[in-house]
$ cat coords-v6.cif   # mmCIF, C-alpha atoms
data_protein
loop_
_atom_site.label_atom_id
_atom_site.label_comp_id
_atom_site.auth_asym_id
_atom_site.auth_seq_id
_atom_site.Cartn_x
_atom_site.Cartn_y
_atom_site.Cartn_z
CA MET A 1 22.21 -6.16 -27.54
CA SER A 2 20.53 -8.96 -25.60
CA LEU A 3 20.44 -8.93 -21.82
CA PRO A 4 22.06 -11.73 -19.81
CA PRO A 5 19.60 -14.20 -18.28
CA ASP A 6 20.41 -13.13 -14.70
CA SER A 7 20.25 -9.38 -15.33
CA PRO A 8 17.91 -7.38 -13.05
CA ALA A 9 16.00 -6.00 -16.03
CA ARG A 10 15.25 -9.47 -17.40
CA ARG A 11 14.38 -10.81 -13.95
CA SER A 12 11.98 -7.92 -13.33
CA GLY A 13 10.34 -8.46 -16.72
CA SER A 14 9.99 -12.17 -16.03
CA ASP A 15 8.53 -11.52 -12.57
CA LEU A 16 6.04 -9.04 -14.00
CA GLY A 17 5.02 -11.55 -16.65
CA GLU A 18 4.51 -14.23 -13.99
CA HIS A 19 2.37 -11.88 -11.91
CA LEU A 20 0.23 -10.91 -14.88
CA SER A 21 -0.15 -14.55 -15.86
CA LEU A 22 -1.19 -15.39 -12.30
CA LEU A 23 -3.79 -12.62 -12.30
CA ARG A 24 -5.13 -13.82 -15.64
CA ARG A 25 -5.54 -17.32 -14.22
CA ARG A 26 -7.29 -16.01 -11.12
CA TRP A 27 -9.28 -13.24 -12.79
CA LEU A 28 -12.54 -14.43 -11.28
CA LEU A 29 -11.13 -14.17 -7.76
CA LEU A 30 -9.63 -10.76 -8.52
CA LEU A 31 -12.87 -9.51 -10.06
CA GLY A 32 -14.92 -10.86 -7.16
CA PHE A 33 -12.84 -9.07 -4.52
CA THR A 34 -12.84 -5.83 -6.53
CA LEU A 35 -16.63 -5.89 -6.94
CA ALA A 36 -17.04 -6.78 -3.27
CA GLY A 37 -14.84 -3.84 -2.26
CA GLY A 38 -16.79 -1.44 -4.47
CA THR A 39 -20.13 -2.76 -3.20
CA ALA A 40 -19.02 -2.46 0.42
CA ALA A 41 -17.81 1.09 -0.21
CA VAL A 42 -21.13 2.13 -1.77
CA ALA A 43 -23.06 0.50 1.08
CA LEU A 44 -20.87 2.23 3.65
CA ALA A 45 -21.35 5.57 1.91
CA ARG A 46 -25.13 5.06 1.97
CA LEU A 47 -25.17 4.04 5.63
CA THR A 48 -22.87 6.82 6.85
CA PRO A 49 -24.84 9.87 8.08
CA PRO A 50 -24.12 13.01 6.03
CA SER A 51 -21.97 15.76 7.54
CA TYR A 52 -21.92 19.43 6.59
CA THR A 53 -18.95 21.79 6.80
CA ALA A 54 -19.29 25.57 7.14
CA THR A 55 -16.32 27.98 6.98
CA SER A 56 -15.83 31.52 8.24
CA GLN A 57 -12.93 33.67 7.06
CA VAL A 58 -11.35 36.06 9.56
CA LEU A 59 -8.89 38.81 8.64
CA VAL A 60 -6.42 39.14 11.51
CA SER A 61 -5.01 42.62 12.25
CA PRO A 62 -2.12 43.61 14.53
CA VAL A 63 -3.16 44.89 17.97
CA GLY A 64 -1.30 46.84 20.64
CA VAL A 65 2.19 48.27 20.34
CA GLN A 66 4.15 46.74 17.46
CA GLU A 67 6.90 44.39 18.54
CA GLN A 68 9.76 43.36 16.27
CA SER A 69 10.47 40.07 18.03
CA ASN A 70 8.69 38.04 15.35
CA GLN A 71 10.58 37.28 12.15
CA VAL A 72 8.73 38.05 8.92
CA THR A 73 8.16 34.86 6.83
CA ASN A 74 5.79 33.67 4.10
CA ARG A 75 3.23 32.72 6.74
CA GLN A 76 3.72 35.83 8.88
CA ARG A 77 2.91 39.44 8.11
CA GLU A 78 4.48 42.18 10.25
CA SER A 79 4.08 41.24 13.92
CA LEU A 80 1.46 38.57 13.21
CA ASN A 81 2.34 34.94 13.70
CA LEU A 82 -0.56 33.17 12.01
CA ASP A 83 0.50 29.71 13.15
CA THR A 84 0.26 30.94 16.74
CA GLU A 85 -3.09 32.58 16.02
CA ALA A 86 -4.36 29.28 14.58
CA GLN A 87 -3.45 27.52 17.81
CA VAL A 88 -5.26 30.21 19.80
CA ALA A 89 -8.39 29.76 17.65
CA ARG A 90 -8.35 26.03 18.48
CA SER A 91 -7.88 26.60 22.22
CA SER A 92 -10.40 25.57 24.85
CA VAL A 93 -10.91 29.20 25.90
CA VAL A 94 -12.20 30.13 22.45
CA ALA A 95 -14.31 26.94 22.33
CA ALA A 96 -15.93 27.85 25.67
CA LYS A 97 -16.74 31.36 24.43
CA ALA A 98 -18.20 29.91 21.21
CA ALA A 99 -20.38 27.50 23.21
CA SER A 100 -21.74 30.38 25.26
CA LEU A 101 -22.53 32.34 22.10
CA VAL A 102 -24.60 29.48 20.61
CA ARG A 103 -26.04 28.71 24.05
CA ALA A 104 -24.84 25.11 24.07
CA SER A 105 -22.83 23.09 26.53
CA THR A 106 -20.32 21.97 23.93
CA VAL A 107 -19.52 22.72 20.32
CA GLU A 108 -17.93 20.71 17.55
CA PRO A 109 -14.13 21.05 17.20
CA VAL A 110 -12.94 23.69 14.76
CA THR A 111 -10.46 23.16 11.96
CA VAL A 112 -8.21 26.15 11.29
CA SER A 113 -6.26 26.56 8.06
CA VAL A 114 -3.94 29.38 7.02
CA PRO A 115 -3.62 30.21 3.31
CA PRO A 116 -0.02 31.07 2.44
CA ASN A 117 1.03 34.71 2.05
CA SER A 118 -2.11 36.00 3.75
CA ALA A 119 -3.37 37.24 7.13
CA VAL A 120 -6.62 35.25 6.92
CA LEU A 121 -7.78 32.33 9.07
CA TRP A 122 -10.33 29.84 7.79
CA LEU A 123 -12.44 28.49 10.67
CA SER A 124 -14.33 25.36 9.58
CA VAL A 125 -16.84 23.40 11.65
CA THR A 126 -18.39 20.07 10.62
CA ALA A 127 -21.76 19.06 12.06
CA ASP A 128 -24.74 16.87 11.22
CA ASP A 129 -26.96 19.88 10.52
CA PRO A 130 -25.96 22.61 8.02
CA ALA A 131 -27.49 25.43 10.09
CA SER A 132 -25.72 24.24 13.23
CA ALA A 133 -22.39 24.03 11.38
CA ALA A 134 -22.76 27.60 10.10
CA ALA A 135 -23.81 28.96 13.52
CA GLN A 136 -20.90 27.29 15.29
CA SER A 137 -18.41 28.51 12.69
CA ARG A 138 -19.62 32.10 13.12
CA ALA A 139 -19.49 31.68 16.90
CA TYR A 140 -15.90 30.52 16.69
CA ALA A 141 -14.99 33.58 14.60
CA GLU A 142 -16.64 35.99 17.05
CA ALA A 143 -15.19 34.18 20.06
CA TYR A 144 -11.70 34.28 18.58
CA LEU A 145 -11.91 38.03 17.90
CA ALA A 146 -13.36 38.69 21.36
CA ASN A 147 -10.62 36.66 23.01
CA ARG A 148 -8.02 38.49 20.96
CA THR A 149 -9.48 41.84 22.02
CA GLU A 150 -9.49 40.88 25.70
CA THR A 151 -5.91 39.66 25.50
CA ALA A 152 -4.77 42.83 23.76
CA GLN A 153 -6.57 45.04 26.28
CA ALA A 154 -4.99 43.21 29.21
CA ALA A 155 -1.52 43.49 27.64
CA LEU A 156 -2.06 47.20 26.89
CA ALA A 157 -3.27 47.92 30.42
CA ALA A 158 -0.20 46.20 31.84
CA GLN A 159 2.08 48.30 29.63
CA GLN A 160 0.30 51.50 30.66
CA LYS A 161 0.60 50.61 34.32
CA ALA A 162 4.30 49.87 34.03
CA THR A 163 4.97 53.08 32.07
CA LEU A 164 3.04 55.18 34.57
CA ALA A 165 4.91 53.66 37.49
CA LYS A 166 8.23 54.39 35.82
CA LEU A 167 7.13 57.97 35.09
CA LYS A 168 6.20 58.52 38.72
CA GLN A 169 9.59 57.22 39.80
CA VAL A 170 11.39 59.59 37.43
CA ASN A 171 9.27 62.55 38.59
CA THR A 172 10.09 61.77 42.22
CA GLY A 173 13.81 61.74 41.43
CA LEU A 174 13.51 64.98 39.48
CA ALA A 175 11.78 66.70 42.40
CA LYS A 176 14.56 65.56 44.71
CA VAL A 177 17.26 66.97 42.38
CA LEU A 178 15.48 70.30 42.14
CA THR A 179 15.39 70.53 45.92
CA GLU A 180 19.12 69.82 46.12
CA LEU A 181 19.95 72.54 43.57
CA THR A 182 18.53 75.23 45.83
CA THR A 183 21.04 74.34 48.55
CA LEU A 184 24.19 74.00 46.40
CA ARG A 185 26.67 76.78 45.64
CA LYS A 186 26.78 77.92 42.07
CA GLY A 187 29.79 76.81 40.10
CA SER A 188 30.61 74.00 42.49
CA THR A 189 31.15 70.46 41.36
CA GLU A 190 28.08 69.22 43.25
CA GLN A 191 25.94 71.83 41.56
CA GLN A 192 27.17 70.78 38.09
CA LEU A 193 26.47 67.09 38.80
CA ALA A 194 22.99 67.89 40.06
CA THR A 195 22.32 69.96 36.96
CA HIS A 196 23.39 67.06 34.68
CA LYS A 197 21.18 64.65 36.61
CA GLN A 198 18.27 67.04 36.24
CA SER A 199 18.78 67.11 32.50
CA VAL A 200 18.81 63.29 32.28
CA LEU A 201 15.66 62.95 34.36
CA ASN A 202 13.90 65.58 32.26
CA ARG A 203 14.63 63.60 29.10
CA GLN A 204 13.41 60.35 30.71
CA ALA A 205 10.24 62.00 31.93
CA TYR A 206 9.58 63.41 28.46
CA SER A 207 10.11 59.99 26.80
CA LEU A 208 7.91 58.19 29.31
CA THR A 209 5.20 60.80 28.93
CA LEU A 210 5.19 60.34 25.17
CA ARG A 211 5.05 56.55 25.55
CA TYR A 212 2.20 56.75 28.05
CA ASP A 213 0.23 59.07 25.77
CA ALA A 214 0.83 56.65 22.86
CA LEU A 215 -0.46 53.73 24.91
CA LYS A 216 -3.53 55.70 25.87
CA THR A 217 -4.32 56.37 22.20
CA VAL A 218 -3.67 52.86 20.78
CA ALA A 219 -6.63 51.58 18.75
CA LEU A 220 -7.40 47.92 19.33
CA THR A 221 -8.43 46.30 16.02
CA PRO A 222 -8.13 42.50 16.47
CA GLY A 223 -9.56 41.82 13.00
CA SER A 224 -12.84 41.31 11.24
CA VAL A 225 -14.98 38.57 9.74
CA ILE A 226 -14.65 39.05 5.99
CA SER A 227 -16.75 36.02 5.04
CA PRO A 228 -19.28 34.74 7.59
CA ALA A 229 -20.25 31.08 7.34
CA ALA A 230 -23.42 30.22 5.44
CA PRO A 231 -25.36 26.95 5.78
CA PRO A 232 -23.91 24.53 3.17
CA THR A 233 -26.26 23.08 0.59
CA GLN A 234 -24.27 19.89 -0.08
CA PRO A 235 -22.81 17.49 2.49
CA SER A 236 -19.04 17.41 2.78
CA SER A 237 -19.03 13.72 3.66
CA PRO A 238 -19.43 10.96 2.82
CA SER A 239 -17.93 11.47 -0.62
CA LEU A 240 -19.14 8.71 -2.92
CA PRO A 241 -16.19 8.99 -5.39
CA LEU A 242 -13.73 8.85 -2.49
CA TYR A 243 -15.46 5.88 -0.85
CA LEU A 244 -15.86 4.06 -4.17
CA GLY A 245 -12.25 4.63 -5.20
CA THR A 246 -10.99 3.50 -1.82
CA GLY A 247 -13.22 0.42 -1.85
CA LEU A 248 -12.20 -0.58 -5.36
CA MET A 249 -8.52 -0.13 -4.58
CA ALA A 250 -8.80 -2.09 -1.34
CA GLY A 251 -10.72 -4.85 -3.13
CA LEU A 252 -8.14 -4.93 -5.92
CA LEU A 253 -5.26 -5.25 -3.45
CA LEU A 254 -7.05 -7.92 -1.41
CA GLY A 255 -7.99 -9.75 -4.61
CA ALA A 256 -4.40 -9.73 -5.83
CA ALA A 257 -3.21 -11.02 -2.45
CA ALA A 258 -5.90 -13.72 -2.41
CA ALA A 259 -5.01 -14.70 -5.97
CA HIS A 260 -1.34 -15.11 -5.02
CA VAL A 261 -2.23 -17.16 -1.93
CA ARG A 262 -4.72 -19.29 -3.85
CA ASP A 263 -2.20 -19.87 -6.63
CA ARG A 264 0.47 -20.91 -4.13
CA LEU A 265 -1.90 -23.32 -2.40
CA ASP A 266 -3.21 -24.74 -5.69
CA THR A 267 -0.92 -27.53 -6.90
CA ARG A 268 -2.71 -28.14 -10.19
CA LEU A 269 -0.32 -28.00 -13.14
CA ARG A 270 -1.69 -25.78 -15.88
CA THR A 271 1.40 -24.72 -17.83
CA PRO A 272 4.89 -26.12 -18.41
CA ALA A 273 6.17 -23.33 -16.18
CA ASP A 274 3.98 -24.68 -13.35
CA VAL A 275 5.54 -28.11 -13.84
CA GLU A 276 9.07 -26.79 -13.49
CA ARG A 277 8.15 -24.43 -10.64
CA LEU A 278 6.14 -26.84 -8.50
CA THR A 279 7.88 -30.15 -9.21
CA GLY A 280 11.41 -29.22 -10.27
CA MET A 281 11.00 -31.53 -13.26
CA ALA A 282 12.64 -30.43 -16.52
CA VAL A 283 10.09 -30.16 -19.34
CA ILE A 284 11.50 -31.63 -22.54
CA ALA A 285 8.62 -30.66 -24.81
CA ASP A 286 5.07 -29.31 -24.73
CA LEU A 287 2.75 -31.32 -26.98
CA SER A 288 -0.29 -29.07 -26.57
CA ASP A 289 -0.23 -28.75 -30.36
CA PRO A 290 0.16 -32.35 -31.67
CA ASN A 291 0.60 -31.13 -35.27
CA ASP A 292 3.79 -29.20 -34.48
CA ARG A 293 6.41 -31.46 -36.14
CA ALA A 294 9.33 -29.38 -34.93
CA VAL A 295 8.35 -30.03 -31.31
CA LEU A 296 8.02 -33.78 -32.01
CA HIS A 297 11.42 -33.85 -33.67
CA ASP A 298 13.09 -31.98 -30.81
CA MET A 299 11.41 -34.25 -28.27
CA ALA A 300 12.60 -37.39 -30.05
CA SER A 301 16.16 -36.06 -30.34
CA THR A 302 16.25 -35.11 -26.65
CA VAL A 303 14.87 -38.47 -25.54
CA VAL A 304 17.40 -40.44 -27.62
CA ALA A 305 20.27 -38.35 -26.26
CA ALA A 306 19.12 -38.60 -22.64
CA CYS A 307 18.07 -42.27 -22.49
CA PRO A 308 20.95 -44.38 -21.05
CA GLY A 309 19.74 -47.57 -22.76
CA THR A 310 17.41 -48.79 -25.47
CA ARG A 311 14.25 -49.33 -23.43
CA LEU A 312 12.10 -46.34 -22.46
CA LEU A 313 9.05 -46.43 -20.20
CA VAL A 314 6.42 -43.75 -20.84
CA ARG A 315 4.59 -43.03 -17.58
CA PRO A 316 1.41 -40.92 -17.82
CA VAL A 317 0.42 -38.58 -14.95
CA PRO A 318 -2.38 -39.10 -14.10
CA VAL A 319 -2.61 -42.74 -15.12
CA GLU A 320 -5.96 -42.40 -16.88
CA LEU A 321 -4.35 -39.95 -19.31
CA GLY A 322 -2.81 -42.86 -21.27
CA ALA A 323 0.68 -43.03 -22.72
CA MET A 324 -0.20 -43.85 -26.33
CA PRO A 325 -0.33 -40.23 -27.64
CA VAL A 326 3.35 -39.86 -26.74
CA ALA A 327 4.58 -43.46 -26.96
CA ALA A 328 3.44 -43.96 -30.55
CA PRO A 329 5.35 -40.95 -32.00
CA LEU A 330 8.46 -41.90 -30.01
CA ALA A 331 8.30 -45.51 -31.24
CA ALA A 332 8.00 -44.32 -34.82
CA ALA A 333 10.72 -41.67 -34.67
CA THR A 334 13.40 -43.20 -32.39
CA PRO A 335 15.37 -46.48 -32.35
CA LEU A 336 14.12 -47.14 -28.82
CA SER A 337 11.93 -49.86 -27.45
CA VAL A 338 9.08 -47.80 -26.05
CA MET A 339 6.92 -49.36 -23.33
CA THR A 340 3.68 -48.02 -21.95
CA GLY A 341 3.60 -50.03 -18.72
CA CYS A 342 0.73 -52.24 -19.85
CA GLU A 343 2.79 -55.38 -19.26
CA VAL A 344 3.87 -56.44 -15.80
CA ALA A 345 7.53 -56.67 -16.85
CA ASP A 346 7.73 -53.19 -18.43
CA LEU A 347 8.84 -51.51 -15.22
CA ALA A 348 11.63 -54.03 -14.65
CA ARG A 349 12.90 -54.01 -18.23
CA ALA A 350 13.00 -50.26 -18.81
CA ASP A 351 16.30 -48.38 -18.67
CA ALA A 352 14.74 -44.93 -18.12
CA ALA A 353 11.35 -43.32 -17.78
CA LEU A 354 9.64 -40.33 -19.37
CA LEU A 355 6.72 -38.66 -17.59
CA VAL A 356 3.74 -37.48 -19.64
CA ILE A 357 1.94 -34.82 -17.61
CA GLY A 358 -1.59 -33.81 -18.51
CA LEU A 359 -1.91 -30.05 -18.03
CA GLY A 360 -5.01 -29.01 -16.14
CA ARG A 361 -5.58 -32.49 -14.66
CA ALA A 362 -2.30 -33.42 -13.01
CA ARG A 363 -1.21 -32.04 -9.66
CA ALA A 364 2.20 -31.65 -8.12
CA GLU A 365 1.52 -34.43 -5.64
CA HIS A 366 0.64 -36.79 -8.51
CA VAL A 367 4.02 -36.11 -10.11
CA ALA A 368 5.77 -36.55 -6.77
CA ALA A 369 4.02 -39.92 -6.25
CA ALA A 370 5.08 -41.10 -9.72
CA VAL A 371 8.66 -40.04 -9.07
CA ARG A 372 8.73 -41.90 -5.75
CA HIS A 373 7.26 -45.01 -7.38
CA LEU A 374 9.91 -45.02 -10.09
CA ALA A 375 12.68 -44.24 -7.60
CA ARG A 376 11.81 -47.35 -5.58
CA HIS A 377 12.69 -49.38 -8.69
CA ASN A 378 15.93 -47.45 -9.28
CA MET A 379 14.44 -45.95 -12.41
CA SER A 380 16.04 -42.76 -13.72
CA ILE A 381 13.71 -40.09 -15.11
CA ILE A 382 15.03 -38.19 -18.11
CA GLY A 383 12.36 -35.49 -17.97
CA ALA A 384 8.72 -34.69 -18.57
CA VAL A 385 6.52 -34.02 -21.58
CA THR A 386 3.42 -31.89 -21.12
CA THR A 387 0.23 -32.25 -23.10
CA THR A 388 -3.28 -30.84 -23.01
CA PRO A 389 -5.80 -33.68 -22.65
CA PRO A 390 -9.47 -33.27 -23.62
CA ALA A 391 -11.81 -31.93 -20.99
CA VAL A 392 -13.55 -35.31 -20.68
CA SER A 393 -11.26 -38.27 -21.20
CA THR A 394 -12.43 -41.76 -21.97
CA ALA A 395 -11.67 -44.38 -19.38
CA VAL A 396 -8.59 -46.45 -20.13
CA PRO A 397 -9.15 -50.20 -19.61
CA ALA A 398 -6.94 -52.04 -17.20
CA PRO A 399 -3.86 -53.66 -18.75
CA GLU A 400 -5.11 -57.19 -18.14
CA GLN A 401 -8.40 -56.46 -19.90
CA ARG A 402 -6.90 -55.57 -23.26
CA PRO A 403 -4.29 -57.15 -25.52
CA HIS A 404 -0.94 -55.42 -25.46
CA ALA A 405 0.61 -54.44 -28.77
CA SER A 406 4.27 -53.89 -28.19
CA LEU A 407 5.64 -50.59 -29.46
CA GLY A 408 9.22 -51.74 -29.23
CA LYS A 409 11.37 -51.64 -32.29
CA LEU A 410 15.03 -52.40 -32.66
CA VAL A 411 17.51 -51.38 -35.27
CA ALA A 412 19.05 -54.87 -35.67
CA GLY A 413 16.00 -57.02 -35.11
CA PRO A 414 14.23 -58.35 -32.01
CA GLU A 415 16.11 -58.20 -28.78
CA PRO A 416 15.71 -60.84 -26.09
CA ASP A 417 14.43 -59.78 -22.71
CA ARG A 418 17.70 -59.62 -20.76
CA GLY A 419 16.00 -58.04 -17.80
CA LEU A 420 14.08 -61.20 -16.71
CA PRO A 421 15.24 -64.79 -16.27
CA PRO A 422 13.50 -67.48 -18.30
CA GLU A 423 11.66 -68.79 -15.29
CA THR A 424 9.84 -65.47 -14.84
CA THR A 425 8.28 -65.44 -18.33
CA PRO A 426 4.52 -65.48 -18.37
CA MET A 427 3.07 -68.99 -18.25
CA GLN A 428 0.41 -70.21 -20.65
CA ALA A 429 -2.99 -71.04 -19.31
CA LEU A 430 -3.26 -74.65 -18.05
CA THR A 431 -7.00 -74.84 -18.18
CA ARG A 432 -8.18 -77.95 -20.19
CA PRO A 433 -11.12 -77.66 -22.53
CA PRO A 434 -14.24 -79.54 -21.51
CA GLY A 435 -14.21 -83.25 -22.43
CA ALA A 436 -10.46 -83.43 -22.98
CA PRO A 437 -8.70 -86.58 -21.72
CA GLN A 438 -6.70 -86.23 -18.56
#
$ encode --input "coords-v6.cif" --output "structure tokens"
Amino acid sequence: MSLPPDSPARRSGSDLGEHLSLLRRRWLLLLGFTLAGGTAAVALARLTPPSYTATSQVLVSPVGVQEQSNQVTNRQRESLNLDTEAQVARSSVVAAKAASLVRASTVEPVTVSVPPNSAVLWLSVTADDPASAAAQSRAYAEAYLANRTETAQAALAAQQKATLAKLKQVNTGLAKVLTELTTLRKGSTEQQLATHKQSVLNRQAYSLTLRYDALKTVALTPGSVISPAAPPTQPSSPSLPLYLGTGLMAGLLLGAAAAHVRDRLDTRLRTPADVERLTGMAVIADLSDPNDRAVLHDMASTVVAACPGTRLLVRPVPVELGAMPVAAPLAAATPLSVMTGCEVADLARADAALLVIGLGRARAEHVAAAVRHLARHNMSIIGAVTTTPPAVSTAVPAPEQRPHASLGKLVAGPEPDRGLPPETTPMQALTRPPGAPQ
């Protein structure tokens, strides 16, 4: 089943074919930009100073009393929130501690990554020197663990202080209740309430004592460095494959854009499609292969059907192309009087015109000029015929410098020139030969 001409699939295929044809025409421009992009990328890779990346791996462990406020996810194990820990490792506090460890005023920024389903942080530092990158990465790991230990100790001390204060408060209340029990009568309501209050305070004191003892025995294990950074042997950047691929792709895109712009600005007609696209002129036939008889037959049939009269003017574009390669076959195959414009009266006598466009030599402005010239004489144009002239054409003599052999032929014999009055016929030369009588 064939697709309709205006279907999206056919339009997309036609557009792709036009783009590929354009790139084939401008392959030198495309190749030049691509090579320039690759060369620039290689030069940039050579000129860019090398950088080295060292990575330390830190296993993060829970510290302090376990809290169930954090929800367990793929990136979180128990009470650990590794995304939060990654932000802490990138903080300015950790960077300051790392700078003090390497005895420098500043350190390179650290890149922290968290592998999924793990409790490991990867601390990577990029520097110009491999030893410096490794030292700074190890300093970041130690500074992060030290900061985590200090934070956990401060939080644990605050919890111990709060628990101890609460225990003291409960013990004070319990002592007060015990004093009241000595003054109350046994079996009275007040004595029963005091006894119940004593029991509650005893339980609270026991619970707080257990909690305080647990806080005193908590082991702070912030984590450990499971893989200290080592000086890298190969630079991490610049990456020649990455630079080269980027440069080639950028050059290819710029070359394609330049080819499209150049093709739009270039008005030279190279194919029949260019003629129809740039001039709007309907192409009747393409005579690039003069031995194709089917094309000659179709051209003659189309010209006879489209010509409103019996006189046809063949107008070459450009003029030096010559009209004879097309006029002669038309004169032999059609009952039309074919004129090549060599005579002064051809333009006035013709009923219609046929443009012969030389592919590769004619431009859109040449065709537009020919159309305007014919329109000033009220000449209708039935279409255009494209041909491929030789690379170097011989100069065509001016019409007045060569005899004109008329190509006109009529079915019923010669036809008088109805287009011109008798008084406009060419006059014979009046020059007398030397010695003739006056």
$ atom_distance --input "coords-v6.cif" --atom1 "atom CA of Ala350 of chain A" --atom2 "atom CA of Pro325 of chain A"
18.9 Å
$ resolve_selection --input "coords-v6.cif" --expression "the PyMOL selection byres ((chain A and resi 123) around 10)" --output "VMD selection string"
chain A and resid 54 to 58 86 89 to 90 110 to 114 120 to 122 124 to 125 136 to 141 144 228 to 229
$ closest_residue --input "coords-v6.cif" --among "A:Val304, A:Leu23, A:Ala143, A:Leu330" --to "Val88 of chain A" --atoms "all atoms listed in the file"
A:Ala143
$ resolve_selection --input "coords-v6.cif" --expression "the PyMOL selection byres ((chain A and resi 239) around 12)" --output "PyMOL selection string"
chain A and resi 41-42+44-46+48-52+234-238+240-246
$ write_last_selection --input "coords-v6.cif" --atoms "C-alpha atoms" --output "PDB file, keeping the file's coordinate frame"
ATOM      1  CA  ALA A  41     -17.810   1.090  -0.210  1.00  0.00           C
ATOM      2  CA  VAL A  42     -21.130   2.130  -1.770  1.00  0.00           C
ATOM      3  CA  LEU A  44     -20.870   2.230   3.650  1.00  0.00           C
ATOM      4  CA  ALA A  45     -21.350   5.570   1.910  1.00  0.00           C
ATOM      5  CA  ARG A  46     -25.130   5.060   1.970  1.00  0.00           C
ATOM      6  CA  THR A  48     -22.870   6.820   6.850  1.00  0.00           C
ATOM      7  CA  PRO A  49     -24.840   9.870   8.080  1.00  0.00           C
ATOM      8  CA  PRO A  50     -24.120  13.010   6.030  1.00  0.00           C
ATOM      9  CA  SER A  51     -21.970  15.760   7.540  1.00  0.00           C
ATOM     10  CA  TYR A  52     -21.920  19.430   6.590  1.00  0.00           C
ATOM     11  CA  GLN A 234     -24.270  19.890  -0.080  1.00  0.00           C
ATOM     12  CA  PRO A 235     -22.810  17.490   2.490  1.00  0.00           C
ATOM     13  CA  SER A 236     -19.040  17.410   2.780  1.00  0.00           C
ATOM     14  CA  SER A 237     -19.030  13.720   3.660  1.00  0.00           C
ATOM     15  CA  PRO A 238     -19.430  10.960   2.820  1.00  0.00           C
ATOM     16  CA  LEU A 240     -19.140   8.710  -2.920  1.00  0.00           C
ATOM     17  CA  PRO A 241     -16.190   8.990  -5.390  1.00  0.00           C
ATOM     18  CA  LEU A 242     -13.730   8.850  -2.490  1.00  0.00           C
ATOM     19  CA  TYR A 243     -15.460   5.880  -0.850  1.00  0.00           C
ATOM     20  CA  LEU A 244     -15.860   4.060  -4.170  1.00  0.00           C
ATOM     21  CA  GLY A 245     -12.250   4.630  -5.200  1.00  0.00           C
ATOM     22  CA  THR A 246     -10.990   3.500  -1.820  1.00  0.00           C
TER      23      THR A 246
END
$ residues_near_point --input "coords-v6.cif" --point "(11.6, -46.1, -10.2)" --cutoff "12 Å" --atoms "all atoms listed in the file" --output "PyMOL selection string"
chain A and resi 313+315+346-355+368-382
$ resolve_selection --input "coords-v6.cif" --expression "the PyMOL selection byres ((chain A and resi 333-340) around 9)" --output "ChimeraX atom specification"
/A:296-297,300-301,303-304,307,309-316,322-324,327-332,341-343,346-347,350,406-411
$ closest_atom_pairs --input "coords-v6.cif" --of "segment 83-160 of chain A" --to "segment 206-215 of chain A" --cutoff "10 Å" --atoms "all atoms listed in the file" --output "CSV"
residue,atom,partner,partner_atom,distance
A:Leu156,CA,A:Leu215,CA,7.0
A:Ala157,CA,A:Leu215,CA,8.5
A:Gln159,CA,A:Leu215,CA,7.6
A:Gln160,CA,A:Tyr212,CA,6.2
$ atom_distance --input "coords-v6.cif" --atom1 "atom CA of Gly360 of chain A" --atom2 "atom CA of Thr267 of chain A"
10.2 Å
$ closest_residue --input "coords-v6.cif" --among "A:Thr271, A:Thr388, A:Asn291, A:Thr34" --to "Leu254 of chain A" --atoms "only C-alpha atoms"
A:Thr34
$ build_atoms --input "coords-v6.cif" --residues "segment 291-297 of chain A" --atoms "N, CA, C and O atoms" --output "PDB file, keeping the file's coordinate frame"
ATOM      1  N   ASN A 291       0.222 -31.238 -33.864  1.00  0.00           N
ATOM      2  CA  ASN A 291       0.600 -31.130 -35.270  1.00  0.00           C
ATOM      3  C   ASN A 291       1.915 -30.374 -35.470  1.00  0.00           C
ATOM      4  O   ASN A 291       2.334 -30.190 -36.613  1.00  0.00           O
ATOM      5  N   ASP A 292       2.531 -29.935 -34.368  1.00  0.00           N
ATOM      6  CA  ASP A 292       3.790 -29.200 -34.480  1.00  0.00           C
ATOM      7  C   ASP A 292       4.931 -30.215 -34.632  1.00  0.00           C
ATOM      8  O   ASP A 292       5.382 -30.832 -33.674  1.00  0.00           O
ATOM      9  N   ARG A 293       5.399 -30.438 -35.873  1.00  0.00           N
ATOM     10  CA  ARG A 293       6.410 -31.460 -36.140  1.00  0.00           C
ATOM     11  C   ARG A 293       7.759 -31.077 -35.559  1.00  0.00           C
ATOM     12  O   ARG A 293       8.540 -31.953 -35.205  1.00  0.00           O
ATOM     13  N   ALA A 294       8.042 -29.805 -35.484  1.00  0.00           N
ATOM     14  CA  ALA A 294       9.330 -29.380 -34.930  1.00  0.00           C
ATOM     15  C   ALA A 294       9.434 -29.787 -33.458  1.00  0.00           C
ATOM     16  O   ALA A 294      10.480 -30.251 -33.001  1.00  0.00           O
ATOM     17  N   VAL A 295       8.341 -29.643 -32.724  1.00  0.00           N
ATOM     18  CA  VAL A 295       8.350 -30.030 -31.310  1.00  0.00           C
ATOM     19  C   VAL A 295       8.528 -31.539 -31.184  1.00  0.00           C
ATOM     20  O   VAL A 295       9.279 -32.035 -30.330  1.00  0.00           O
ATOM     21  N   LEU A 296       7.872 -32.324 -32.054  1.00  0.00           N
ATOM     22  CA  LEU A 296       8.020 -33.780 -32.010  1.00  0.00           C
ATOM     23  C   LEU A 296       9.450 -34.192 -32.332  1.00  0.00           C
ATOM     24  O   LEU A 296      10.015 -35.094 -31.694  1.00  0.00           O
ATOM     25  N   HIS A 297      10.046 -33.518 -33.297  1.00  0.00           N
ATOM     26  CA  HIS A 297      11.420 -33.850 -33.670  1.00  0.00           C
ATOM     27  C   HIS A 297      12.383 -33.519 -32.527  1.00  0.00           C
ATOM     28  O   HIS A 297      13.275 -34.319 -32.193  1.00  0.00           O
TER      29      HIS A 297
END
